[in-house]
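**Student:** Structure provided below as structure tokens; questions to follow.
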Amino acid sequence: MNKALVPVNHQASATLVKQAKLFAELPQVLLEKIQRDFQVITWHKGQYISAEILTKQFFVLLDGQVELKKVHPETAREATVDIFYPGDSFDVMVLLDGKPHEVIIAPLNTVRLLSIPIETMRQWIWTYPEVNNQFLPYLAQKMREHEQRATSLVLHDTSTRLSRLILKHIEKINSYNGAPDCEHKQHLVNGLNDETLARMVGSVRQVVNKQLRYWQAQGILDKKRNQLIIKDLQALEQEAHYSDNLANARTLPT
């Protein structure tokens, strides 16, 4: 039996709202004004969440990870559309065009979110220049991420795509500026099993498992249940084939 959507019975604080990338730089006066429209809710791993909710509510992820995926109606093969991390907002696509987004919403663990009526969010973008000024760069960032993922599927092999995905996951977690107790240890990837990783890189579980076991034998990482511990970050970056002249090249702290 699926677990129900659980509202948390307290008003969202300005501190919580500020954890969203979209609202992090807003003036404190405006934060305190808009906080009254947010609710805090919880989703659990394995819970069924109808995609219809995306046409009604706009979400900011506070804790955990949420996967959006699609399934081929005949082969049942699954592909990841996006992964959201603490601080991320969704669904930007529905916010822009108002059309249903036929996806499966899959919490990868217990997640906590800020929820706001999507019409209210649209109104804020038009009403408050400060919100609009934060929204446009965030939208551009998401478009670049999708562009990079699409080109990576065509231009790179599985090992390159997988190493870049792991590096991106580490970067997302380490760049999160929310509550201290929501931070993760550096170079630790939690909650992504082989099947999820395969969907995210456009491969199959067996291929991803073989690559991870190879890296484990090479001492690059340690693999446990739904957990990757990166032991040699430099070696993983070499597997990703990033070069200094690439726009998406990165250097992670060690």
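Naming works like this for the structure tokens: A, B, ... for the chains as they're shown, residue 1 at the start of each chain, ligands 1 onward in shown order.
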Report as a ChimeraX atom specification all protein, DNA and RNA residues lying within 9 Å of A:Leu54, evaluated on only C-alpha atoms, omitting residues in the same chain fewer than 3 positions from it.

**Tutor:** /A:50-51,57-59,90-91,94-95,100-101,118

**Student:** Counting only C-alpha atoms, give me one row per residue of stretch 86-192 of chain A with an atom at most 8 Å from an atom of stretch 236-240 of chain A, showing the shortest contact pair and its distance in Å to one decimal, sorted by chain then residue number, as a tab-separated table.

**Tutor:**
```
residue	atom	partner	partner_atom	distance
A:Ser159	CA	A:Glu239	CA	7.1
A:Thr160	CA	A:Ala240	CA	4.7
A:Arg161	CA	A:Ala240	CA	7.1
A:Leu162	CA	A:Ala240	CA	8.0
A:Ser163	CA	A:Ala240	CA	5.2
A:Arg164	CA	A:Ala240	CA	5.3
A:Leu167	CA	A:Glu237	CA	7.5
```

**Student:** May I have all residues of stretch 53-140 of chain A that DSSP, computed from the backbone, assigns to strand (DSSP E or B), given as a ChimeraX atom specification?

**Tutor:** /A:57-63,66-71,78-84,89-90,104-107,111-117

**Student:** Since we have the selection now, will you write its residues out, keeping C-alpha atoms, as a PDB file, in the first residue's frame?

**Tutor:**
```
ATOM      1  CA  GLN A  57       1.985  22.812  -7.523  1.00  0.00           C
ATOM      2  CA  PHE A  58       5.547  24.082  -7.932  1.00  0.00           C
ATOM      3  CA  PHE A  59       8.136  22.382  -5.733  1.00  0.00           C
ATOM      4  CA  VAL A  60      11.448  23.195  -4.089  1.00  0.00           C
ATOM      5  CA  LEU A  61      13.434  20.216  -2.845  1.00  0.00           C
ATOM      6  CA  LEU A  62      14.860  20.590   0.667  1.00  0.00           C
ATOM      7  CA  ASP A  63      16.133  17.075   1.508  1.00  0.00           C
ATOM      8  CA  VAL A  66      13.736  13.099  -6.730  1.00  0.00           C
ATOM      9  CA  GLU A  67      13.912  11.417 -10.134  1.00  0.00           C
ATOM     10  CA  LEU A  68      11.641  12.226 -13.079  1.00  0.00           C
ATOM     11  CA  LYS A  69      11.539   9.359 -15.558  1.00  0.00           C
ATOM     12  CA  LYS A  70       9.595   8.060 -18.548  1.00  0.00           C
ATOM     13  CA  VAL A  71       8.715   4.490 -19.513  1.00  0.00           C
ATOM     14  CA  GLU A  78      12.884   3.461 -18.413  1.00  0.00           C
ATOM     15  CA  ALA A  79      14.839   6.653 -19.031  1.00  0.00           C
ATOM     16  CA  THR A  80      15.637   9.453 -16.614  1.00  0.00           C
ATOM     17  CA  VAL A  81      14.383  12.911 -17.583  1.00  0.00           C
ATOM     18  CA  ASP A  82      15.967  14.745 -14.650  1.00  0.00           C
ATOM     19  CA  ILE A  83      17.290  14.321 -11.131  1.00  0.00           C
ATOM     20  CA  PHE A  84      16.592  17.001  -8.526  1.00  0.00           C
ATOM     21  CA  SER A  89      12.964  23.650  -8.105  1.00  0.00           C
ATOM     22  CA  PHE A  90      10.537  21.770 -10.370  1.00  0.00           C
ATOM     23  CA  ILE A 104       6.863   9.287 -13.307  1.00  0.00           C
ATOM     24  CA  ILE A 105       7.812  11.077 -10.097  1.00  0.00           C
ATOM     25  CA  ALA A 106      10.110   8.812  -8.091  1.00  0.00           C
ATOM     26  CA  PRO A 107      11.556   9.872  -4.724  1.00  0.00           C
ATOM     27  CA  VAL A 111      12.299  13.728   0.648  1.00  0.00           C
ATOM     28  CA  ARG A 112      11.069  16.987   2.104  1.00  0.00           C
ATOM     29  CA  LEU A 113       9.804  19.747  -0.167  1.00  0.00           C
ATOM     30  CA  LEU A 114       8.399  23.237  -0.211  1.00  0.00           C
ATOM     31  CA  SER A 115       5.176  23.388  -2.204  1.00  0.00           C
ATOM     32  CA  ILE A 116       3.457  26.425  -3.681  1.00  0.00           C
ATOM     33  CA  PRO A 117       0.507  26.783  -6.113  1.00  0.00           C
TER      34      PRO A 117
END
```

**Student:** For the alpha helix (DSSP H) assignment from backbone DSSP, which residues of stretch 194-248 of chain A qualify? Please present them as a PDB file with N, CA and C atoms, in the first residue's frame.

**Tutor:**
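Saved result, result_33.pdb, follows:
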```
ATOM      1  N   ASP A 194      22.439   0.667  -9.131  1.00  0.00           N
ATOM      2  CA  ASP A 194      22.914   0.454 -10.501  1.00  0.00           C
ATOM      3  C   ASP A 194      21.824   0.724 -11.531  1.00  0.00           C
ATOM      4  N   GLU A 195      20.586   0.341 -11.206  1.00  0.00           N
ATOM      5  CA  GLU A 195      19.471   0.544 -12.136  1.00  0.00           C
ATOM      6  C   GLU A 195      19.224   2.027 -12.368  1.00  0.00           C
ATOM      7  N   THR A 196      19.249   2.814 -11.295  1.00  0.00           N
ATOM      8  CA  THR A 196      19.040   4.256 -11.425  1.00  0.00           C
ATOM      9  C   THR A 196      20.167   4.899 -12.211  1.00  0.00           C
ATOM     10  N   LEU A 197      21.406   4.533 -11.904  1.00  0.00           N
ATOM     11  CA  LEU A 197      22.552   5.068 -12.641  1.00  0.00           C
ATOM     12  C   LEU A 197      22.447   4.730 -14.128  1.00  0.00           C
ATOM     13  N   ALA A 198      21.998   3.510 -14.437  1.00  0.00           N
ATOM     14  CA  ALA A 198      21.862   3.101 -15.836  1.00  0.00           C
ATOM     15  C   ALA A 198      20.839   3.955 -16.568  1.00  0.00           C
ATOM     16  N   ARG A 199      19.703   4.223 -15.926  1.00  0.00           N
ATOM     17  CA  ARG A 199      18.697   5.085 -16.553  1.00  0.00           C
ATOM     18  C   ARG A 199      19.265   6.472 -16.822  1.00  0.00           C
ATOM     19  N   MET A 200      20.079   6.965 -15.899  1.00  0.00           N
ATOM     20  CA  MET A 200      20.591   8.329 -15.998  1.00  0.00           C
ATOM     21  C   MET A 200      21.638   8.481 -17.097  1.00  0.00           C
ATOM     22  N   VAL A 201      22.321   7.399 -17.445  1.00  0.00           N
ATOM     23  CA  VAL A 201      23.352   7.488 -18.487  1.00  0.00           C
ATOM     24  C   VAL A 201      22.930   6.800 -19.778  1.00  0.00           C
ATOM     25  N   ARG A 205      21.631  -1.938 -16.539  1.00  0.00           N
ATOM     26  CA  ARG A 205      22.209  -2.195 -15.227  1.00  0.00           C
ATOM     27  C   ARG A 205      23.476  -3.044 -15.305  1.00  0.00           C
ATOM     28  N   GLN A 206      23.471  -4.056 -16.178  1.00  0.00           N
ATOM     29  CA  GLN A 206      24.610  -4.965 -16.241  1.00  0.00           C
ATOM     30  C   GLN A 206      25.884  -4.242 -16.680  1.00  0.00           C
ATOM     31  N   VAL A 207      25.744  -3.335 -17.637  1.00  0.00           N
ATOM     32  CA  VAL A 207      26.907  -2.584 -18.133  1.00  0.00           C
ATOM     33  C   VAL A 207      27.438  -1.642 -17.059  1.00  0.00           C
ATOM     34  N   VAL A 208      26.530  -0.954 -16.376  1.00  0.00           N
ATOM     35  CA  VAL A 208      26.938  -0.039 -15.308  1.00  0.00           C
ATOM     36  C   VAL A 208      27.590  -0.805 -14.167  1.00  0.00           C
ATOM     37  N   ASN A 209      27.021  -1.936 -13.782  1.00  0.00           N
ATOM     38  CA  ASN A 209      27.588  -2.743 -12.700  1.00  0.00           C
ATOM     39  C   ASN A 209      28.997  -3.215 -13.046  1.00  0.00           C
ATOM     40  N   LYS A 210      29.197  -3.632 -14.285  1.00  0.00           N
ATOM     41  CA  LYS A 210      30.525  -4.084 -14.718  1.00  0.00           C
ATOM     42  C   LYS A 210      31.544  -2.956 -14.642  1.00  0.00           C
ATOM     43  N   GLN A 211      31.138  -1.748 -15.061  1.00  0.00           N
ATOM     44  CA  GLN A 211      32.056  -0.601 -15.021  1.00  0.00           C
ATOM     45  C   GLN A 211      32.399  -0.222 -13.583  1.00  0.00           C
ATOM     46  N   LEU A 212      31.411  -0.231 -12.710  1.00  0.00           N
ATOM     47  CA  LEU A 212      31.654   0.112 -11.311  1.00  0.00           C
ATOM     48  C   LEU A 212      32.571  -0.913 -10.638  1.00  0.00           C
ATOM     49  N   ARG A 213      32.380  -2.187 -10.960  1.00  0.00           N
ATOM     50  CA  ARG A 213      33.237  -3.221 -10.389  1.00  0.00           C
ATOM     51  C   ARG A 213      34.675  -3.089 -10.897  1.00  0.00           C
ATOM     52  N   TYR A 214      34.814  -2.665 -12.152  1.00  0.00           N
ATOM     53  CA  TYR A 214      36.157  -2.430 -12.694  1.00  0.00           C
ATOM     54  C   TYR A 214      36.837  -1.285 -11.948  1.00  0.00           C
ATOM     55  N   TRP A 215      36.105  -0.185 -11.732  1.00  0.00           N
ATOM     56  CA  TRP A 215      36.685   0.951 -11.001  1.00  0.00           C
ATOM     57  C   TRP A 215      36.992   0.564  -9.566  1.00  0.00           C
ATOM     58  N   GLN A 216      36.174  -0.303  -8.999  1.00  0.00           N
ATOM     59  CA  GLN A 216      36.437  -0.759  -7.642  1.00  0.00           C
ATOM     60  C   GLN A 216      37.734  -1.566  -7.602  1.00  0.00           C
ATOM     61  N   ALA A 217      37.952  -2.425  -8.589  1.00  0.00           N
ATOM     62  CA  ALA A 217      39.184  -3.211  -8.653  1.00  0.00           C
ATOM     63  C   ALA A 217      40.403  -2.322  -8.855  1.00  0.00           C
ATOM     64  N   LEU A 233      39.566  10.689  -6.659  1.00  0.00           N
ATOM     65  CA  LEU A 233      38.790  11.645  -7.446  1.00  0.00           C
ATOM     66  C   LEU A 233      39.518  12.011  -8.740  1.00  0.00           C
ATOM     67  N   GLN A 234      40.830  12.149  -8.679  1.00  0.00           N
ATOM     68  CA  GLN A 234      41.595  12.524  -9.865  1.00  0.00           C
ATOM     69  C   GLN A 234      41.472  11.464 -10.954  1.00  0.00           C
ATOM     70  N   ALA A 235      41.521  10.201 -10.570  1.00  0.00           N
ATOM     71  CA  ALA A 235      41.378   9.124 -11.550  1.00  0.00           C
ATOM     72  C   ALA A 235      39.992   9.142 -12.187  1.00  0.00           C
ATOM     73  N   LEU A 236      38.963   9.442 -11.386  1.00  0.00           N
ATOM     74  CA  LEU A 236      37.607   9.512 -11.924  1.00  0.00           C
ATOM     75  C   LEU A 236      37.479  10.681 -12.897  1.00  0.00           C
ATOM     76  N   GLU A 237      38.123  11.803 -12.597  1.00  0.00           N
ATOM     77  CA  GLU A 237      38.102  12.947 -13.502  1.00  0.00           C
ATOM     78  C   GLU A 237      38.803  12.611 -14.817  1.00  0.00           C
ATOM     79  N   GLN A 238      39.847  11.793 -14.751  1.00  0.00           N
ATOM     80  CA  GLN A 238      40.525  11.367 -15.976  1.00  0.00           C
ATOM     81  C   GLN A 238      39.611  10.475 -16.809  1.00  0.00           C
ATOM     82  N   GLU A 239      38.826   9.626 -16.132  1.00  0.00           N
ATOM     83  CA  GLU A 239      37.855   8.785 -16.838  1.00  0.00           C
ATOM     84  C   GLU A 239      36.795   9.632 -17.542  1.00  0.00           C
ATOM     85  N   ALA A 240      36.507  10.816 -16.985  1.00  0.00           N
ATOM     86  CA  ALA A 240      35.489  11.699 -17.564  1.00  0.00           C
ATOM     87  C   ALA A 240      35.986  12.442 -18.790  1.00  0.00           C
TER      88      ALA A 240
END
```

**Student:** Pick out the closest residue to A:Ala24 from this set: A:Asp97, A:Glu52, A:Glu130, A:Glu102. Count only C-alpha atoms.

**Tutor:**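 When distances to A:Ala24 are compared using only C-alpha atoms, the smallest one comes from A:Glu130.
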
**Student:** I'd like the neighbourhood of A:Lys18 as a compact mmCIF listing (two decimals) with all heavy atoms, in the first residue's frame, where a residue qualifies if any of its atoms comes within 10 Å (using only C-alpha atoms), though same-chain residues fewer than 6 positions away should be ignored.

**Tutor:**
```
# COMPACT_ATOMS: atom_id res chain seq x y z
N ALA A 24 17.32 32.23 -3.19
CA ALA A 24 18.44 32.42 -2.27
C ALA A 24 18.92 33.86 -2.18
O ALA A 24 19.37 34.30 -1.12
CB ALA A 24 19.60 31.51 -2.69
N GLU A 25 18.83 34.61 -3.27
CA GLU A 25 19.35 35.97 -3.29
C GLU A 25 18.28 37.04 -3.15
O GLU A 25 18.55 38.23 -3.33
CB GLU A 25 20.13 36.21 -4.61
CG GLU A 25 21.27 35.23 -4.84
CD GLU A 25 22.32 35.30 -3.75
OE1 GLU A 25 22.56 36.41 -3.22
OE2 GLU A 25 22.90 34.24 -3.41
N LEU A 26 17.06 36.64 -2.82
CA LEU A 26 15.99 37.62 -2.68
C LEU A 26 16.18 38.46 -1.42
O LEU A 26 16.72 37.98 -0.42
CB LEU A 26 14.63 36.93 -2.62
CG LEU A 26 14.17 36.19 -3.87
CD1 LEU A 26 12.77 35.63 -3.66
CD2 LEU A 26 14.21 37.08 -5.10
N PRO A 27 15.73 39.73 -1.43
CA PRO A 27 15.79 40.55 -0.22
C PRO A 27 15.01 39.91 0.92
O PRO A 27 13.98 39.26 0.69
CB PRO A 27 15.15 41.87 -0.65
CG PRO A 27 15.26 41.88 -2.15
CD PRO A 27 15.18 40.45 -2.58
N GLN A 28 15.46 40.09 2.13
CA GLN A 28 14.83 39.46 3.29
C GLN A 28 13.36 39.87 3.42
O GLN A 28 12.51 39.05 3.78
CB GLN A 28 15.60 39.82 4.56
CG GLN A 28 15.13 39.11 5.81
CD GLN A 28 15.38 37.61 5.77
OE1 GLN A 28 16.25 37.14 5.05
NE2 GLN A 28 14.59 36.87 6.55
N LEU A 31 11.39 37.79 1.02
CA LEU A 31 11.35 36.41 1.51
C LEU A 31 10.29 36.23 2.58
O LEU A 31 9.51 35.27 2.57
CB LEU A 31 12.72 36.00 2.06
CG LEU A 31 13.78 35.53 1.07
CD1 LEU A 31 15.11 35.34 1.78
CD2 LEU A 31 13.35 34.24 0.38
N GLU A 32 10.27 37.15 3.52
CA GLU A 32 9.31 37.05 4.61
C GLU A 32 7.88 37.24 4.11
O GLU A 32 6.93 36.73 4.73
CB GLU A 32 9.65 38.09 5.68
CG GLU A 32 10.97 37.77 6.39
CD GLU A 32 11.39 38.87 7.36
OE1 GLU A 32 10.69 39.91 7.41
OE2 GLU A 32 12.40 38.69 8.07
N GLN A 35 6.94 33.74 2.05
CA GLN A 35 7.02 32.49 2.80
C GLN A 35 5.66 31.98 3.22
O GLN A 35 5.44 30.78 3.38
CB GLN A 35 7.90 32.66 4.03
CG GLN A 35 7.21 33.44 5.16
CD GLN A 35 8.08 33.62 6.38
OE1 GLN A 35 9.13 34.23 6.31
NE2 GLN A 35 7.62 33.09 7.51
N GLY A 87 17.72 22.13 -2.95
CA GLY A 87 17.86 23.47 -3.51
C GLY A 87 17.23 23.62 -4.87
O GLY A 87 16.93 24.74 -5.31
N ASN A 177 23.84 24.72 -0.12
CA ASN A 177 24.08 25.63 0.98
C ASN A 177 22.90 25.68 1.95
O ASN A 177 22.60 26.72 2.51
CB ASN A 177 24.37 27.04 0.45
CG ASN A 177 25.66 27.09 -0.33
OD1 ASN A 177 26.66 26.52 0.08
ND2 ASN A 177 25.64 27.77 -1.47
N GLY A 178 22.23 24.57 2.11
CA GLY A 178 21.08 24.54 3.00
C GLY A 178 21.48 24.27 4.43
O GLY A 178 22.57 24.62 4.88
```

**Student:** Of the candidates A:Leu30, A:Ile125, A:Val92, A:Leu108, which one gets nearest to A:Ala140 if we count only C-alpha atoms?

**Tutor:**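 Among A:Leu30, A:Ile125, A:Val92, A:Leu108, it is A:Val92 that comes nearest to A:Ala140.
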
**Student:** Would you list the contacts of A:Lys231 as a ChimeraX atom specification, taking every protein, DNA or RNA residue within 8 Å and counting only C-alpha atoms, but skipping same-chain residues closer than 6 positions in sequence?

**Tutor:** /A:187,219-222

**Student:** For the residues in the current selection, export N, CA and C atoms as an mmCIF file, in the first residue's frame.

**Tutor:**
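Written out: selection.cif:
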```cif
data_model
loop_
_atom_site.group_PDB
_atom_site.id
_atom_site.type_symbol
_atom_site.label_atom_id
_atom_site.label_comp_id
_atom_site.auth_asym_id
_atom_site.auth_seq_id
_atom_site.Cartn_x
_atom_site.Cartn_y
_atom_site.Cartn_z
ATOM 1 N N HIS A 187 32.613 13.487 -1.519
ATOM 2 C CA HIS A 187 32.953 12.342 -2.353
ATOM 3 C C HIS A 187 32.154 11.093 -1.982
ATOM 4 N N GLY A 219 40.723 0.587 -7.530
ATOM 5 C CA GLY A 219 40.888 1.434 -6.354
ATOM 6 C C GLY A 219 40.355 2.836 -6.521
ATOM 7 N N ILE A 220 39.535 3.070 -7.556
ATOM 8 C CA ILE A 220 38.984 4.403 -7.802
ATOM 9 C C ILE A 220 37.816 4.688 -6.865
ATOM 10 N N LEU A 221 37.039 3.656 -6.568
ATOM 11 C CA LEU A 221 35.884 3.830 -5.687
ATOM 12 C C LEU A 221 35.625 2.547 -4.917
ATOM 13 N N ASP A 222 34.788 2.678 -3.916
ATOM 14 C CA ASP A 222 34.323 1.526 -3.149
ATOM 15 C C ASP A 222 32.814 1.479 -3.294
#
```

**Student:** Between atom CA of A:Tyr242 and atom CA of A:Leu165, what is the spacing in Å?

**Tutor:**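 A separation of 12.4 Å between them.
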